[in-house]
>>> print(open('work.cif').read())   # mmCIF, C-alpha atoms
data_model
loop_
_atom_site.label_atom_id
_atom_site.label_comp_id
_atom_site.auth_asym_id
_atom_site.auth_seq_id
_atom_site.Cartn_x
_atom_site.Cartn_y
_atom_site.Cartn_z
CA MET A 1 24.81 14.39 4.57
CA ALA A 2 28.46 13.77 5.45
CA GLU A 3 27.50 12.61 8.93
CA ARG A 4 24.93 10.19 7.50
CA ALA A 5 27.46 8.84 5.00
CA THR A 6 29.92 8.18 7.83
CA GLN A 7 27.20 6.44 9.83
CA ILE A 8 26.31 4.20 6.90
CA ALA A 9 29.95 3.37 6.19
CA GLY A 10 30.45 2.34 9.81
CA PHE A 11 27.32 0.17 9.77
CA LEU A 12 28.38 -1.64 6.61
CA ALA A 13 31.94 -2.14 7.85
CA ALA A 14 30.68 -3.67 11.10
CA ALA A 15 28.42 -6.00 9.10
CA GLY A 16 31.32 -7.14 6.90
CA TRP A 17 30.14 -5.27 3.81
CA GLY A 18 32.33 -2.18 4.05
CA ASP A 19 34.36 -2.88 0.92
CA VAL A 20 31.42 -3.80 -1.32
CA PRO A 21 30.45 -1.31 -4.07
CA ARG A 22 27.03 0.31 -3.78
CA ARG A 23 24.61 1.74 -6.29
CA PRO A 24 21.21 3.36 -5.83
CA LEU A 25 18.00 1.43 -6.38
CA ALA A 26 14.68 2.99 -7.26
CA GLY A 27 13.21 4.96 -4.39
CA ASP A 28 9.60 5.14 -3.28
CA ALA A 29 7.14 7.71 -1.97
CA SER A 30 8.66 7.71 1.52
CA PHE A 31 11.89 9.09 2.97
CA ARG A 32 13.54 5.68 2.67
CA ARG A 33 16.39 5.12 0.22
CA TYR A 34 17.75 1.83 -1.07
CA GLU A 35 21.14 0.82 -2.40
CA ARG A 36 22.35 -2.47 -3.84
CA LEU A 37 25.67 -3.87 -2.67
CA GLU A 38 27.27 -6.34 -5.06
CA ALA A 39 30.71 -7.87 -5.49
CA ALA A 40 32.32 -11.29 -5.80
CA GLY A 41 29.03 -13.16 -5.88
CA ARG A 42 27.61 -11.35 -2.84
CA ARG A 43 24.53 -9.17 -3.03
CA ALA A 44 22.47 -7.32 -0.45
CA VAL A 45 20.24 -4.27 -0.19
CA LEU A 46 20.83 -1.37 2.18
CA MET A 47 17.68 0.28 3.54
CA ASP A 48 18.45 3.82 4.68
CA ALA A 49 15.46 4.94 6.76
CA PRO A 50 16.61 8.08 8.57
CA PRO A 51 15.07 8.79 11.97
CA PRO A 52 12.89 10.52 12.99
CA LYS A 53 11.17 10.49 9.59
CA GLU A 54 11.30 6.70 9.39
CA ASP A 55 11.34 3.80 11.87
CA VAL A 56 12.70 0.38 10.89
CA ARG A 57 11.16 -1.50 13.83
CA PRO A 58 7.81 -2.19 12.14
CA PHE A 59 9.62 -3.58 9.10
CA ILE A 60 11.64 -5.93 11.29
CA ALA A 61 8.59 -7.08 13.24
CA VAL A 62 6.47 -7.76 10.16
CA ALA A 63 9.33 -9.46 8.28
CA ARG A 64 9.75 -11.90 11.14
CA LEU A 65 6.00 -12.47 11.32
CA LEU A 66 5.89 -13.24 7.58
CA HIS A 67 8.85 -15.61 7.88
CA GLY A 68 6.94 -17.46 10.58
CA LEU A 69 4.04 -17.92 8.16
CA GLY A 70 6.36 -19.43 5.54
CA LEU A 71 6.22 -16.36 3.30
CA SER A 72 9.07 -14.68 1.47
CA ALA A 73 10.04 -11.39 3.07
CA PRO A 74 13.71 -10.34 2.79
CA GLN A 75 15.94 -11.84 5.46
CA ILE A 76 17.51 -9.19 7.70
CA LEU A 77 21.30 -9.60 7.49
CA ALA A 78 22.23 -6.73 9.81
CA GLU A 79 20.39 -3.99 11.67
CA ASP A 80 21.02 -0.74 13.50
CA ILE A 81 17.62 0.31 14.76
CA ALA A 82 18.72 3.59 16.34
CA ALA A 83 20.40 4.68 13.11
CA GLY A 84 17.55 3.49 10.87
CA LEU A 85 19.74 1.14 8.85
CA LEU A 86 19.02 -2.40 7.67
CA LEU A 87 20.97 -4.75 5.43
CA LEU A 88 18.54 -7.01 3.61
CA GLU A 89 18.49 -10.07 1.43
CA ASP A 90 18.45 -9.00 -2.24
CA PHE A 91 15.45 -10.42 -4.06
CA GLY A 92 16.77 -9.28 -7.45
CA ASP A 93 14.92 -7.25 -10.06
CA SER A 94 11.90 -9.35 -11.06
CA THR A 95 9.15 -7.19 -9.65
CA TYR A 96 5.71 -7.85 -11.02
CA THR A 97 5.81 -4.35 -12.49
CA ARG A 98 8.93 -5.10 -14.53
CA LEU A 99 7.70 -8.53 -15.58
CA LEU A 100 4.36 -7.16 -16.76
CA ALA A 101 6.04 -4.32 -18.63
CA ALA A 102 8.21 -6.91 -20.39
CA GLY A 103 5.13 -8.79 -21.56
CA ALA A 104 4.70 -11.48 -18.90
CA ALA A 105 1.24 -13.03 -18.71
CA GLU A 106 -0.90 -11.30 -16.09
CA GLU A 107 -3.03 -14.22 -14.93
CA PRO A 108 -0.28 -16.45 -13.45
CA LEU A 109 1.29 -13.55 -11.54
CA TYR A 110 -2.00 -12.33 -10.13
CA ARG A 111 -3.08 -15.89 -9.30
CA LEU A 112 0.14 -16.41 -7.32
CA SER A 113 -0.47 -13.20 -5.38
CA ILE A 114 -4.04 -14.31 -4.61
CA GLU A 115 -2.76 -17.71 -3.49
CA LEU A 116 -0.39 -15.89 -1.14
CA LEU A 117 -3.24 -13.92 0.42
CA ILE A 118 -5.26 -17.11 0.81
CA ALA A 119 -2.33 -18.83 2.53
CA LEU A 120 -1.70 -15.84 4.79
CA GLN A 121 -5.32 -15.45 5.81
CA ARG A 122 -5.78 -19.17 6.42
CA SER A 123 -2.73 -19.42 8.68
CA PHE A 124 -2.71 -16.06 10.47
CA ARG A 125 -4.53 -15.79 13.78
CA VAL A 126 -5.02 -12.40 15.38
CA PRO A 127 -3.02 -12.65 18.62
CA ALA A 128 -4.29 -11.41 21.96
CA THR A 129 -1.46 -8.86 21.92
CA PRO A 130 -0.82 -8.01 18.27
CA ILE A 131 2.69 -6.94 17.28
CA VAL A 132 1.20 -4.68 14.61
CA PRO A 133 -1.38 -1.98 15.29
CA PRO A 134 -5.11 -2.24 14.59
CA TYR A 135 -6.57 -0.55 11.55
CA ASP A 136 -8.84 1.41 13.87
CA ASP A 137 -11.49 3.95 12.95
CA ASP A 138 -9.29 6.94 13.76
CA ARG A 139 -6.66 5.73 11.32
CA LEU A 140 -9.14 4.96 8.55
CA LEU A 141 -10.81 8.35 8.98
CA SER A 142 -7.53 10.25 9.02
CA GLU A 143 -6.60 8.53 5.75
CA ALA A 144 -9.94 9.28 4.10
CA ALA A 145 -9.55 12.92 5.22
CA LEU A 146 -6.55 13.32 2.92
CA LEU A 147 -8.95 13.90 0.04
CA VAL A 148 -10.48 17.01 1.66
CA ASP A 149 -7.26 18.09 3.38
CA TRP A 150 -5.01 18.04 0.29
CA TYR A 151 -6.83 17.28 -2.95
CA LEU A 152 -9.86 19.53 -2.55
CA PRO A 153 -7.84 22.66 -1.67
CA ALA A 154 -5.46 21.95 -4.56
CA ILE A 155 -8.27 21.58 -7.08
CA THR A 156 -10.38 24.52 -5.85
CA GLY A 157 -7.62 26.87 -4.71
CA GLN A 158 -9.45 27.31 -1.39
CA PRO A 159 -9.00 25.69 2.04
CA THR A 160 -11.63 23.14 2.99
CA GLU A 161 -14.15 24.52 5.46
CA PRO A 162 -14.14 22.69 8.82
CA ALA A 163 -17.88 22.00 8.61
CA LEU A 164 -17.48 20.36 5.23
CA ARG A 165 -14.64 18.19 6.54
CA THR A 166 -16.74 17.15 9.55
CA GLU A 167 -19.64 16.26 7.27
CA TYR A 168 -17.39 14.18 5.02
CA LEU A 169 -15.89 12.23 7.91
CA ALA A 170 -19.30 11.59 9.42
CA GLY A 171 -20.24 9.89 6.16
CA TRP A 172 -17.18 7.66 6.36
CA ARG A 173 -17.77 6.90 10.04
CA SER A 174 -21.19 5.49 9.17
CA LEU A 175 -19.60 3.22 6.53
CA LEU A 176 -16.82 1.69 8.60
CA PRO A 177 -19.06 -0.97 10.23
CA VAL A 178 -19.81 -2.19 6.69
CA ALA A 179 -16.08 -2.50 6.01
CA ARG A 180 -15.65 -4.44 9.26
CA ALA A 181 -18.37 -6.98 8.53
CA VAL A 182 -15.69 -9.47 7.44
CA PRO A 183 -13.07 -11.14 9.66
CA ASP A 184 -9.88 -9.31 10.52
CA THR A 185 -6.48 -10.52 9.38
CA LEU A 186 -2.94 -9.26 8.84
CA VAL A 187 -3.23 -6.49 6.24
CA LEU A 188 -0.01 -5.65 4.39
CA ARG A 189 -1.60 -2.43 3.00
CA ASP A 190 0.71 -1.79 0.02
CA TYR A 191 -0.02 -5.10 -1.65
CA HIS A 192 0.34 -4.32 -5.36
CA VAL A 193 2.58 -5.13 -8.31
CA ASP A 194 5.32 -2.66 -7.38
CA ASN A 195 5.89 -4.55 -4.12
CA LEU A 196 5.58 -8.15 -5.36
CA MET A 197 8.43 -10.13 -6.87
CA LEU A 198 8.81 -13.47 -8.64
CA LEU A 199 11.65 -15.36 -6.98
CA ASP A 200 13.72 -18.05 -8.70
CA GLY A 201 14.27 -21.34 -6.93
CA ARG A 202 11.20 -21.12 -4.68
CA SER A 203 7.94 -22.99 -5.03
CA GLY A 204 4.34 -22.34 -4.11
CA VAL A 205 3.50 -19.04 -2.45
CA ALA A 206 7.15 -18.68 -1.36
CA ALA A 207 7.88 -17.84 -5.00
CA CYS A 208 6.15 -14.49 -4.43
CA GLY A 209 8.51 -12.09 -2.70
CA LEU A 210 7.07 -9.34 -0.50
CA LEU A 211 8.37 -5.77 -0.19
CA ASP A 212 7.24 -2.59 1.57
CA PHE A 213 5.12 -4.16 4.30
CA GLN A 214 6.24 -2.05 7.27
CA ASP A 215 2.84 -0.33 7.48
CA ALA A 216 0.99 -3.61 8.13
CA VAL A 217 -2.03 -3.56 10.44
CA ILE A 218 -4.78 -5.83 11.71
CA GLY A 219 -7.88 -5.05 9.71
CA PRO A 220 -10.56 -6.22 7.25
CA ARG A 221 -9.42 -9.03 4.97
CA SER A 222 -10.90 -7.25 1.94
CA TYR A 223 -8.25 -4.52 2.05
CA ASP A 224 -5.26 -6.25 0.44
CA LEU A 225 -7.46 -7.58 -2.37
CA VAL A 226 -8.53 -4.02 -3.08
CA SER A 227 -4.90 -2.89 -2.97
CA LEU A 228 -3.95 -5.53 -5.56
CA LEU A 229 -6.95 -5.39 -7.88
CA GLU A 230 -7.76 -1.65 -7.73
CA ASP A 231 -4.22 -0.63 -8.57
CA ALA A 232 -3.64 3.13 -8.55
CA ARG A 233 -0.73 2.80 -10.98
CA ARG A 234 -1.98 0.38 -13.64
CA ASP A 235 -5.25 -0.73 -15.19
CA VAL A 236 -6.19 -4.27 -14.20
CA PRO A 237 -8.58 -5.84 -16.75
CA ALA A 238 -12.10 -6.30 -15.42
CA ASP A 239 -12.23 -9.96 -16.42
CA LEU A 240 -9.00 -10.62 -14.52
CA VAL A 241 -10.35 -8.84 -11.44
CA ALA A 242 -13.51 -10.96 -11.57
CA ALA A 243 -11.53 -14.18 -11.99
CA MET A 244 -9.22 -13.37 -9.08
CA LEU A 245 -12.09 -12.47 -6.77
CA LYS A 246 -13.83 -15.71 -7.70
CA HIS A 247 -10.63 -17.67 -7.00
CA TYR A 248 -10.20 -15.96 -3.62
CA LEU A 249 -13.80 -16.49 -2.52
CA ALA A 250 -13.72 -20.16 -3.52
CA ALA A 251 -11.03 -20.64 -0.85
CA PHE A 252 -13.35 -19.29 1.86
CA PRO A 253 -16.79 -20.87 1.39
CA GLU A 254 -17.80 -19.75 4.89
CA LEU A 255 -17.39 -16.07 3.99
CA ASP A 256 -20.64 -14.14 3.54
CA ARG A 257 -20.51 -13.04 -0.11
CA ASP A 258 -22.74 -9.98 0.26
CA ALA A 259 -20.88 -8.75 3.32
CA PHE A 260 -17.57 -9.26 1.57
CA ALA A 261 -18.69 -7.37 -1.56
CA ALA A 262 -19.83 -4.43 0.56
CA SER A 263 -16.62 -4.45 2.61
CA TYR A 264 -14.55 -4.59 -0.60
CA ALA A 265 -16.40 -1.58 -2.04
CA VAL A 266 -16.08 0.51 1.14
CA MET A 267 -12.40 -0.35 1.57
CA GLY A 268 -11.83 0.41 -2.09
CA ALA A 269 -13.48 3.82 -1.90
CA GLN A 270 -11.70 4.68 1.36
CA ARG A 271 -8.31 3.61 0.04
CA ASN A 272 -8.73 5.41 -3.26
CA CYS A 273 -9.87 8.65 -1.62
CA LYS A 274 -6.76 8.39 0.54
CA ILE A 275 -4.56 7.84 -2.53
CA VAL A 276 -5.96 10.89 -4.33
CA GLY A 277 -5.00 12.92 -1.26
CA ILE A 278 -1.57 11.29 -0.93
CA PHE A 279 -0.66 11.82 -4.58
CA THR A 280 -1.66 15.48 -4.25
CA ARG A 281 0.32 15.87 -1.03
CA LEU A 282 3.39 14.32 -2.64
CA CYS A 283 3.28 17.12 -5.19
CA VAL A 284 2.29 20.04 -2.99
CA ARG A 285 4.33 19.23 0.09
CA ASP A 286 7.14 17.02 -1.18
CA GLY A 287 7.73 18.34 -4.69
CA LYS A 288 6.96 14.99 -6.40
CA PRO A 289 4.40 15.77 -9.15
CA ILE A 290 4.96 12.47 -11.01
CA TYR A 291 2.16 10.79 -9.05
CA LEU A 292 -0.46 13.27 -10.26
CA ALA A 293 -0.73 11.41 -13.58
CA HIS A 294 -2.46 8.53 -11.80
CA ILE A 295 -5.27 10.61 -10.30
CA PRO A 296 -7.76 10.16 -13.20
CA ARG A 297 -7.42 6.38 -12.87
CA VAL A 298 -7.98 6.57 -9.11
CA TRP A 299 -11.10 8.66 -9.58
CA ARG A 300 -12.43 6.03 -12.01
CA LEU A 301 -11.86 3.42 -9.31
CA ILE A 302 -13.64 5.56 -6.72
CA GLU A 303 -16.62 5.96 -9.03
CA GLN A 304 -16.64 2.19 -9.60
CA ASP A 305 -16.67 1.54 -5.84
CA LEU A 306 -19.42 4.10 -5.30
CA ARG A 307 -21.81 2.05 -7.43
CA HIS A 308 -22.30 -0.37 -4.54
CA PRO A 309 -25.60 0.43 -2.77
CA ALA A 310 -23.88 0.66 0.62
CA LEU A 311 -21.96 3.68 -0.64
CA ALA A 312 -24.95 5.60 -2.00
CA PRO A 313 -24.77 8.31 0.73
CA MET A 314 -21.06 8.90 0.06
CA ALA A 315 -21.70 8.96 -3.69
CA ARG A 316 -24.31 11.70 -3.18
CA TRP A 317 -21.97 13.68 -0.92
CA LEU A 318 -19.12 13.56 -3.42
CA ASP A 319 -21.45 14.50 -6.28
CA ARG A 320 -22.39 17.64 -4.33
CA ARG A 321 -19.00 18.59 -2.92
CA VAL A 322 -16.51 17.13 -5.42
CA PRO A 323 -18.58 16.85 -8.61
CA PRO A 324 -17.15 15.24 -11.77
CA PRO A 325 -15.73 18.51 -13.19
CA LEU A 326 -13.44 18.69 -10.12
CA ARG A 327 -12.23 15.10 -10.50
CA ARG A 328 -9.10 15.85 -12.46
CA ILE A 329 -5.39 16.38 -12.07
CA PRO A 330 -4.83 19.42 -9.83
CA PRO A 331 -2.35 22.11 -10.78
CA ALA A 332 1.21 21.09 -9.97
CA ARG A 333 1.65 23.77 -7.33
CA THR A 334 4.14 23.12 -4.58
CA ALA A 335 4.44 24.53 -1.07
CA ALA A 336 6.61 27.59 -0.76
#
>>> encode(input="work.cif", output="structure tokens")
Amino acid sequence: MAERATQIAGFLAAAGWGDVPRRPLAGDASFRRYERLEAAGRRAVLMDAPPPKEDVRPFIAVARLLHGLGLSAPQILAEDIAAGLLLLEDFGDSTYTRLLAAGAAEEPLYRLSIELLIALQRSFRVPATPIVPPYDDDRLLSEAALLVDWYLPAITGQPTEPALRTEYLAGWRSLLPVARAVPDTLVLRDYHVDNLMLLDGRSGVAACGLLDFQDAVIGPRSYDLVSLLEDARRDVPADLVAAMLKHYLAAFPELDRDAFAASYAVMGAQRNCKIVGIFTRLCVRDGKPIYLAHIPRVWRLIEQDLRHPALAPMARWLDRRVPPPLRRIPPARTAA
């Protein structure tokens, strides 16, 4: 800890921020930490992403890509890639989450975030040599596996049998072509109200600030809509979801509606199965049980996604192997 503190102090001094007071900002589910620096009208945010657990290079690459698309990612004021330290533009405190909790109207905020996705997907072209990785089948399957690797053992008290895991992943493998039946785009992956901000003094989609995009990939354009509208941490009213999907689809008249609906359902089920596993892992492995409270909501979202006919085989598999009585908050056991 002392060595890291010395490293950070040296980084800030070299960047001209060594004498500026710091205070912690809210953390997230990763190993990254954030601090706000503020004094004499100057403000910035320190991202402390300690190697080897974290790597700041994807954040830098995606931030620059977003800037090139005219979108509002934090400007990078200073960087030390080897040390895992970035000094970032401070977007303030007006996250969508805080605004909504304070009573802000939902529709304008969600509409702005949909407009941003429309602008991004209209302007982004998948390059011949992408600077972000593909959302390939191996990655999607490894994410879906988190449900049987972490949640199922936690809820049953028994390890998942290898044959059952293989069977589960075979079901997902058969569904991935359905998910991919829409064009690829830049997928930010954690596109939800915790990572969206309303920025003063900016107009159009630039008024929506973007955070936590370092895990971006090239993948199905349905994914970020699912991330926004099937929020693991808050209930999004069904009429608002329908209105936002209608608004999005109106911007892309060439998009096959049936293919998109199926892709949306598959991506939703895959993402939500992943989240159930991640929230369980955060408790069991990382000692963070606070996320367990969201698991009932995520199961409701999974069940909603499973109603699409394309997901009927996965719905039957889950009914057999993870029936409704097992779809609950697991015991808050942690690893020894």
>>> resolve_selection(input="work.cif", expression="the PyMOL selection byres ((chain A and resi 76-82) around 9)", output="PyMOL selection string")
chain A and resi 11-12+15+44+51+55-57+60+63-64+74-75+83-89
>>> residues_around(input="work.cif", residues="region 284-298 of chain A", least_positions_apart="5", cutoff="10 Å", atoms="all atoms listed in the file", output="NGL selection string")
:A and (29-30 or 150-151 or 154 or 230-235 or 269 or 271-279 or 303-304 or 327-336)
>>> closest_residue(input="work.cif", among="A:Leu164, A:Ala315, A:Leu112, A:Ala5", to="Leu228 (chain A)", atoms="all atoms listed in the file")
A:Leu112
>>> resolve_selection(input="work.cif", expression="the PyMOL selection byres ((chain A and resi 73) around 7)", output="VMD selection string")
chain A and resid 63 66 to 67 71 to 72 74 to 75 209 to 211
>>> closest_residue(input="work.cif", among="A:Ala181, A:Leu186, A:Ala265, A:Ile155", to="Arg321 (chain A)", atoms="only C-alpha atoms")
A:Ile155
>>> resolve_selection(input="work.cif", expression="the PyMOL selection byres ((chain A and resi 229) around 10)", output="list in words")
Tyr110, Ile114, Tyr191, His192, Val193, Asp224, Leu225, Val226, Ser227, Leu228, Glu230, Asp231, Ala232, Arg234, Asp235, Val236, Pro237, Ala238, Leu240, Val241, Ala242, Met244, Leu245 and Gly268 of chain A
>>> write_last_selection(input="work.cif", atoms="C-alpha atoms", output="short mmCIF file (atom, residue, chain, number, x, y, z; two decimals), in the coordinates of the input")
data_model
loop_
_atom_site.label_atom_id
_atom_site.label_comp_id
_atom_site.auth_asym_id
_atom_site.auth_seq_id
_atom_site.Cartn_x
_atom_site.Cartn_y
_atom_site.Cartn_z
CA TYR A 110 -2.00 -12.33 -10.13
CA ILE A 114 -4.04 -14.31 -4.61
CA TYR A 191 -0.02 -5.10 -1.65
CA HIS A 192 0.34 -4.32 -5.36
CA VAL A 193 2.58 -5.13 -8.31
CA ASP A 224 -5.26 -6.25 0.44
CA LEU A 225 -7.46 -7.58 -2.37
CA VAL A 226 -8.53 -4.02 -3.08
CA SER A 227 -4.90 -2.89 -2.97
CA LEU A 228 -3.95 -5.53 -5.56
CA GLU A 230 -7.76 -1.65 -7.73
CA ASP A 231 -4.22 -0.63 -8.57
CA ALA A 232 -3.64 3.13 -8.55
CA ARG A 234 -1.98 0.38 -13.64
CA ASP A 235 -5.25 -0.73 -15.19
CA VAL A 236 -6.19 -4.27 -14.20
CA PRO A 237 -8.58 -5.84 -16.75
CA ALA A 238 -12.10 -6.30 -15.42
CA LEU A 240 -9.00 -10.62 -14.52
CA VAL A 241 -10.35 -8.84 -11.44
CA ALA A 242 -13.51 -10.96 -11.57
CA MET A 244 -9.22 -13.37 -9.08
CA LEU A 245 -12.09 -12.47 -6.77
CA GLY A 268 -11.83 0.41 -2.09
#
>>> closest_residue(input="work.cif", among="A:Leu318, A:Leu116, A:Leu326, A:Leu99", to="Ser203 (chain A)", atoms="only C-alpha atoms")
A:Leu116
>>> residues_around(input="work.cif", residues="Glu54 (chain A)", least_positions_apart="4", cutoff="10 Å", atoms="all atoms listed in the file", output="number ranges by chain")
A: 30-32, 48-50, 58, 84
>>> atom_distance(input="work.cif", atom1="CA of Leu141 (chain A)", atom2="CA of Thr166 (chain A)")
10.6 Å
>>> atom_distance(input="work.cif", atom1="CA of Leu188 (chain A)", atom2="CA of Gln121 (chain A)")
11.2 Å
>>> closest_residue(input="work.cif", among="A:Pro52, A:Arg125, A:His308, A:Gly171", to="Ala144 (chain A)", atoms="only C-alpha atoms")
A:Gly171
>>> closest_residue(input="work.cif", among="A:Gly219, A:Pro324, A:Pro309, A:Pro21", to="Pro134 (chain A)", atoms="all atoms listed in the file")
A:Gly219
>>> closest_residue(input="work.cif", among="A:Ala145, A:Ala105, A:Leu249, A:Val20", to="Pro162 (chain A)", atoms="all atoms listed in the file")
A:Ala145
>>> atom_distance(input="work.cif", atom1="CA of Ala262 (chain A)", atom2="CA of Leu311 (chain A)")
8.5 Å
>>> decode(input="work.cif", residues="region 41-49 of chain A", atoms="all heavy atoms", output="PDB file, in the first residue's frame")
ATOM      1  N   GLY A  41     -10.624  25.868  -8.282  1.00  0.00           N
ATOM      2  CA  GLY A  41     -11.307  25.822  -9.565  1.00  0.00           C
ATOM      3  C   GLY A  41     -10.879  24.708 -10.489  1.00  0.00           C
ATOM      4  O   GLY A  41     -11.374  24.614 -11.614  1.00  0.00           O
ATOM      5  N   ARG A  42      -9.952  23.872 -10.054  1.00  0.00           N
ATOM      6  CA  ARG A  42      -9.503  22.737 -10.880  1.00  0.00           C
ATOM      7  C   ARG A  42     -10.101  21.446 -10.342  1.00  0.00           C
ATOM      8  O   ARG A  42     -10.128  21.224  -9.126  1.00  0.00           O
ATOM      9  CB  ARG A  42      -7.975  22.616 -10.854  1.00  0.00           C
ATOM     10  CG  ARG A  42      -7.237  23.726 -11.556  1.00  0.00           C
ATOM     11  CD  ARG A  42      -5.855  23.249 -11.991  1.00  0.00           C
ATOM     12  NE  ARG A  42      -5.022  22.818 -10.874  1.00  0.00           N
ATOM     13  CZ  ARG A  42      -3.906  22.087 -11.034  1.00  0.00           C
ATOM     14  NH1 ARG A  42      -3.526  21.691 -12.243  1.00  0.00           N
ATOM     15  NH2 ARG A  42      -3.172  21.761  -9.976  1.00  0.00           N
ATOM     16  N   ARG A  43     -10.560  20.603 -11.265  1.00  0.00           N
ATOM     17  CA  ARG A  43     -11.079  19.297 -10.860  1.00  0.00           C
ATOM     18  C   ARG A  43     -10.632  18.245 -11.855  1.00  0.00           C
ATOM     19  O   ARG A  43     -10.540  18.496 -13.058  1.00  0.00           O
ATOM     20  CB  ARG A  43     -12.614  19.295 -10.804  1.00  0.00           C
ATOM     21  CG  ARG A  43     -13.178  20.129  -9.678  1.00  0.00           C
ATOM     22  CD  ARG A  43     -14.537  19.683  -9.221  1.00  0.00           C
ATOM     23  NE  ARG A  43     -15.423  19.129 -10.237  1.00  0.00           N
ATOM     24  CZ  ARG A  43     -16.697  18.802  -9.986  1.00  0.00           C
ATOM     25  NH1 ARG A  43     -17.195  18.955  -8.773  1.00  0.00           N
ATOM     26  NH2 ARG A  43     -17.461  18.314 -10.935  1.00  0.00           N
ATOM     27  N   ALA A  44     -10.343  17.077 -11.351  1.00  0.00           N
ATOM     28  CA  ALA A  44     -10.002  15.925 -12.190  1.00  0.00           C
ATOM     29  C   ALA A  44     -10.316  14.668 -11.404  1.00  0.00           C
ATOM     30  O   ALA A  44     -10.584  14.717 -10.193  1.00  0.00           O
ATOM     31  CB  ALA A  44      -8.537  15.961 -12.606  1.00  0.00           C
ATOM     32  N   VAL A  45     -10.273  13.543 -12.098  1.00  0.00           N
ATOM     33  CA  VAL A  45     -10.523  12.244 -11.459  1.00  0.00           C
ATOM     34  C   VAL A  45      -9.310  11.356 -11.693  1.00  0.00           C
ATOM     35  O   VAL A  45      -8.828  11.220 -12.829  1.00  0.00           O
ATOM     36  CB  VAL A  45     -11.792  11.584 -12.026  1.00  0.00           C
ATOM     37  CG1 VAL A  45     -11.906  10.134 -11.546  1.00  0.00           C
ATOM     38  CG2 VAL A  45     -13.027  12.367 -11.616  1.00  0.00           C
ATOM     39  N   LEU A  46      -8.816  10.765 -10.619  1.00  0.00           N
ATOM     40  CA  LEU A  46      -7.740   9.788 -10.698  1.00  0.00           C
ATOM     41  C   LEU A  46      -8.345   8.397 -10.823  1.00  0.00           C
ATOM     42  O   LEU A  46      -9.167   7.991  -9.984  1.00  0.00           O
ATOM     43  CB  LEU A  46      -6.864   9.851  -9.451  1.00  0.00           C
ATOM     44  CG  LEU A  46      -5.828   8.733  -9.303  1.00  0.00           C
ATOM     45  CD1 LEU A  46      -4.718   8.875 -10.335  1.00  0.00           C
ATOM     46  CD2 LEU A  46      -5.248   8.708  -7.883  1.00  0.00           C
ATOM     47  N   MET A  47      -7.969   7.662 -11.873  1.00  0.00           N
ATOM     48  CA  MET A  47      -8.304   6.244 -11.974  1.00  0.00           C
ATOM     49  C   MET A  47      -7.085   5.448 -11.545  1.00  0.00           C
ATOM     50  O   MET A  47      -6.020   5.542 -12.155  1.00  0.00           O
ATOM     51  CB  MET A  47      -8.699   5.837 -13.398  1.00  0.00           C
ATOM     52  CG  MET A  47      -9.021   4.331 -13.510  1.00  0.00           C
ATOM     53  SD  MET A  47      -9.059   3.687 -15.219  1.00  0.00           S
ATOM     54  CE  MET A  47     -10.555   4.440 -15.826  1.00  0.00           C
ATOM     55  N   ASP A  48      -7.244   4.664 -10.498  1.00  0.00           N
ATOM     56  CA  ASP A  48      -6.191   3.788  -9.981  1.00  0.00           C
ATOM     57  C   ASP A  48      -6.583   2.366 -10.368  1.00  0.00           C
ATOM     58  O   ASP A  48      -7.475   1.773  -9.776  1.00  0.00           O
ATOM     59  CB  ASP A  48      -6.089   3.948  -8.460  1.00  0.00           C
ATOM     60  CG  ASP A  48      -5.105   2.984  -7.822  1.00  0.00           C
ATOM     61  OD1 ASP A  48      -4.386   2.274  -8.552  1.00  0.00           O
ATOM     62  OD2 ASP A  48      -5.063   2.931  -6.574  1.00  0.00           O
ATOM     63  N   ALA A  49      -5.918   1.846 -11.394  1.00  0.00           N
ATOM     64  CA  ALA A  49      -6.232   0.528 -11.940  1.00  0.00           C
ATOM     65  C   ALA A  49      -4.985  -0.354 -11.838  1.00  0.00           C
ATOM     66  O   ALA A  49      -4.212  -0.475 -12.793  1.00  0.00           O
ATOM     67  CB  ALA A  49      -6.694   0.654 -13.385  1.00  0.00           C
TER      68      ALA A  49
END
